[in-house]
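Asks: Below you'll find the structure I mean.
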Amino acid sequence: GAGVSQSPSNKVTEKGKDVELRCDPISGHTALYWYRQRLGQGLEFLIYFQGNSAPDKSGLPSDRFSAERTGESVSTLTIQRTQQEDSAVYLCASSSGVRYSYEQYFGPGTRLTVT
Amino acid sequence: AQKVTQAQTEISVVEKEDVTLDCVYETRDTTYYLFWYKQPPSGELVFLIRRNSFDEQNEISGRYSWNFQKSTSSFNFTITASQVVDSAVYFCALSEAYTNAGKSTFGDGTTLTVKP
């Protein structure tokens with residue numbers, strides 16, 4: 001079946017503009033994660049959704065970052081008033097079953113460049 | 001707090017050599033899960049293996065093998081007879097059952113370069 005998809009694949013924006021990044025998880029996966037990966041670095045956890053539970057937003061770096069998820073499907077990560085330090089690849093992953101025990105399936109990422 | 005350490009930032013080997021990628025973790029939970037992921041130059045992370053804390057049996061899959069030792073809090077990954085296609089960044093990750101349930105912690109990754 002289809003894997004995790006993300007759009008756009010690349011986004012170039014001017015400093016101060018808002019951007020929206022979209023993630024379509026694997027159908028039936030109840031858990032959805034957003035990560036940020038700066039060039040040459042590891043994964044930085046941003047936010048986690050599990051079913052209808054309140055999301056874990058503890059990784060969001062500032063109040064300029066927010067995310068929503070519609071039921072157990074599409075999620076949107078929004079960055080307001082983008083800054084140059086927001087430039088990174090934003091990865092989305094989904095997982096099935098019990099949240100802590102199952103592997104995550106990653107999308108190809110959205111490469112965000114803030115000029 | 002949960003933590004994953006991959007001390008080797010970069011490793012370079014010649015094709016057909018064996019290579020071991022180290023992963024050391026910290027957790028207070030008695031139940032947890034460990035993972036390895038591969039990120040090839042194309043960029044998309046791919047799941048390789050999951051290991052439960054209550055199962056210390058080592059696993060072999062083709063040229064890949066994993067050595068889980070709770071006594072040393074390590075979950076090392078060995079590639080036997082490495083190939084150029086093994087060149088990638090490899091991430092070790094930890095997911096706790098209770099304390100930080102749902103929030104996987106990833107190591108910083110080890111960049112493996114296999115030269116022909």
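Residues are named by chain letter and number: chains run A, B, ... in the order of the structure tokens, numbers start at 1 in each chain, and ligands are numbered from 1 in the order shown.
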Per residue of chain B within 7 Å of chain A, which atom pair is closest and at what distance in Å (one decimal), using only C-alpha atoms, listed by chain and increasing number, as CSV?

Replies:
```
residue,atom,partner,partner_atom,distance
B:Tyr33,CA,A:Ser101,CA,6.0
B:Gly43,CA,A:Pro108,CA,6.8
B:Glu44,CA,A:Pro108,CA,4.9
B:Leu45,CA,A:Phe106,CA,5.8
B:Phe47,CA,A:Glu103,CA,6.8
B:Arg50,CA,A:Glu103,CA,6.8
B:Ser95,CA,A:Tyr100,CA,5.5
B:Glu96,CA,A:Tyr100,CA,6.3
B:Ala97,CA,A:Tyr100,CA,5.7
B:Ala101,CA,A:Tyr100,CA,5.6
B:Gly102,CA,A:Tyr100,CA,4.6
B:Phe106,CA,A:Leu43,CA,6.3
B:Gly107,CA,A:Gly42,CA,6.6
B:Asp108,CA,A:Gly42,CA,4.3
B:Gly109,CA,A:Gly42,CA,6.0
```

Asks: Residues of chain B in strand (DSSP E or B) according to DSSP, as a PDB file with C-alpha atoms, in the first residue's frame?

Replies:
```pdb
ATOM      1  CA  LYS B   3      18.765   9.103  26.044  1.00  0.00           C
ATOM      2  CA  VAL B   4      20.443   7.424  23.101  1.00  0.00           C
ATOM      3  CA  THR B   5      24.133   7.832  22.379  1.00  0.00           C
ATOM      4  CA  GLU B  10      31.424   8.794  11.044  1.00  0.00           C
ATOM      5  CA  ILE B  11      32.847   5.443   9.999  1.00  0.00           C
ATOM      6  CA  SER B  12      34.607   4.666   6.751  1.00  0.00           C
ATOM      7  CA  VAL B  13      35.354   1.122   5.614  1.00  0.00           C
ATOM      8  CA  VAL B  14      36.355  -0.630   2.446  1.00  0.00           C
ATOM      9  CA  VAL B  19      31.592  -2.926  10.631  1.00  0.00           C
ATOM     10  CA  THR B  20      29.838  -2.457  13.969  1.00  0.00           C
ATOM     11  CA  LEU B  21      27.767   0.595  14.833  1.00  0.00           C
ATOM     12  CA  VAL B  24      24.120   2.979  24.121  1.00  0.00           C
ATOM     13  CA  TYR B  25      20.867   3.957  25.760  1.00  0.00           C
ATOM     14  CA  GLU B  26      19.595   5.235  29.088  1.00  0.00           C
ATOM     15  CA  TYR B  32      11.095  -0.272  26.399  1.00  0.00           C
ATOM     16  CA  TYR B  33      11.765  -0.785  22.714  1.00  0.00           C
ATOM     17  CA  LEU B  34      14.886  -0.209  20.670  1.00  0.00           C
ATOM     18  CA  PHE B  35      15.045   0.454  16.962  1.00  0.00           C
ATOM     19  CA  TRP B  36      17.520   0.917  14.156  1.00  0.00           C
ATOM     20  CA  TYR B  37      16.739   3.032  11.100  1.00  0.00           C
ATOM     21  CA  LYS B  38      18.715   3.616   7.914  1.00  0.00           C
ATOM     22  CA  GLN B  39      18.762   6.925   6.069  1.00  0.00           C
ATOM     23  CA  VAL B  46      13.791   3.151   6.600  1.00  0.00           C
ATOM     24  CA  PHE B  47      12.988   0.932   9.567  1.00  0.00           C
ATOM     25  CA  LEU B  48      15.424  -1.962  10.041  1.00  0.00           C
ATOM     26  CA  ILE B  49      14.647  -3.689  13.337  1.00  0.00           C
ATOM     27  CA  ARG B  50      12.754  -3.459  16.623  1.00  0.00           C
ATOM     28  CA  ARG B  51      13.840  -5.162  19.826  1.00  0.00           C
ATOM     29  CA  ASN B  52      11.809  -5.458  23.050  1.00  0.00           C
ATOM     30  CA  GLU B  59      19.003 -11.360  15.654  1.00  0.00           C
ATOM     31  CA  ILE B  60      20.513 -11.949  12.270  1.00  0.00           C
ATOM     32  CA  SER B  61      19.029 -10.919   8.958  1.00  0.00           C
ATOM     33  CA  TYR B  64      22.881  -7.601   9.313  1.00  0.00           C
ATOM     34  CA  SER B  65      23.008  -8.639  12.939  1.00  0.00           C
ATOM     35  CA  TRP B  66      22.073  -6.971  16.182  1.00  0.00           C
ATOM     36  CA  ASN B  67      23.536  -7.553  19.641  1.00  0.00           C
ATOM     37  CA  PHE B  68      21.284  -6.428  22.503  1.00  0.00           C
ATOM     38  CA  GLN B  69      22.874  -6.460  25.971  1.00  0.00           C
ATOM     39  CA  SER B  74      23.788  -1.430  24.414  1.00  0.00           C
ATOM     40  CA  PHE B  75      22.140  -2.358  21.138  1.00  0.00           C
ATOM     41  CA  ASN B  76      24.896  -2.655  18.567  1.00  0.00           C
ATOM     42  CA  PHE B  77      24.453  -3.226  14.854  1.00  0.00           C
ATOM     43  CA  THR B  78      26.934  -5.199  12.747  1.00  0.00           C
ATOM     44  CA  ILE B  79      27.098  -5.312   8.976  1.00  0.00           C
ATOM     45  CA  ALA B  88      23.982   5.723   4.802  1.00  0.00           C
ATOM     46  CA  VAL B  89      23.295   7.386   8.097  1.00  0.00           C
ATOM     47  CA  TYR B  90      22.130   4.895  10.700  1.00  0.00           C
ATOM     48  CA  PHE B  91      20.000   5.939  13.655  1.00  0.00           C
ATOM     49  CA  CYS B  92      19.357   4.079  16.869  1.00  0.00           C
ATOM     50  CA  ALA B  93      16.152   4.969  18.722  1.00  0.00           C
ATOM     51  CA  LEU B  94      14.494   4.232  22.060  1.00  0.00           C
ATOM     52  CA  SER B  95      10.814   4.240  22.978  1.00  0.00           C
ATOM     53  CA  GLU B  96       9.767   3.891  26.606  1.00  0.00           C
ATOM     54  CA  THR B 105      14.324   9.429  21.236  1.00  0.00           C
ATOM     55  CA  PHE B 106      16.810   9.146  18.412  1.00  0.00           C
ATOM     56  CA  THR B 110      26.382   7.362  12.519  1.00  0.00           C
ATOM     57  CA  THR B 111      27.385   8.108   8.957  1.00  0.00           C
ATOM     58  CA  LEU B 112      28.753   4.981   7.334  1.00  0.00           C
ATOM     59  CA  THR B 113      30.733   5.264   4.130  1.00  0.00           C
ATOM     60  CA  VAL B 114      31.643   2.067   2.326  1.00  0.00           C
ATOM     61  CA  LYS B 115      34.290   2.580  -0.313  1.00  0.00           C
TER      62      LYS B 115
END
```

Asks: Taking the DSSP assignment computed from this structure's backbone, write out as number ranges by chain all residues of chain B that belong to helix (DSSP H, G or I).

Replies: B: 70-72, 84-86

Asks: Hey, which of B:Ser104, B:Glu17, B:Ser82, B:Tyr98 ends up closest to Gly62 of chain B? Count only C-alpha atoms.

Replies: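 Closest residue, counting only C-alpha atoms: B:Ser82.
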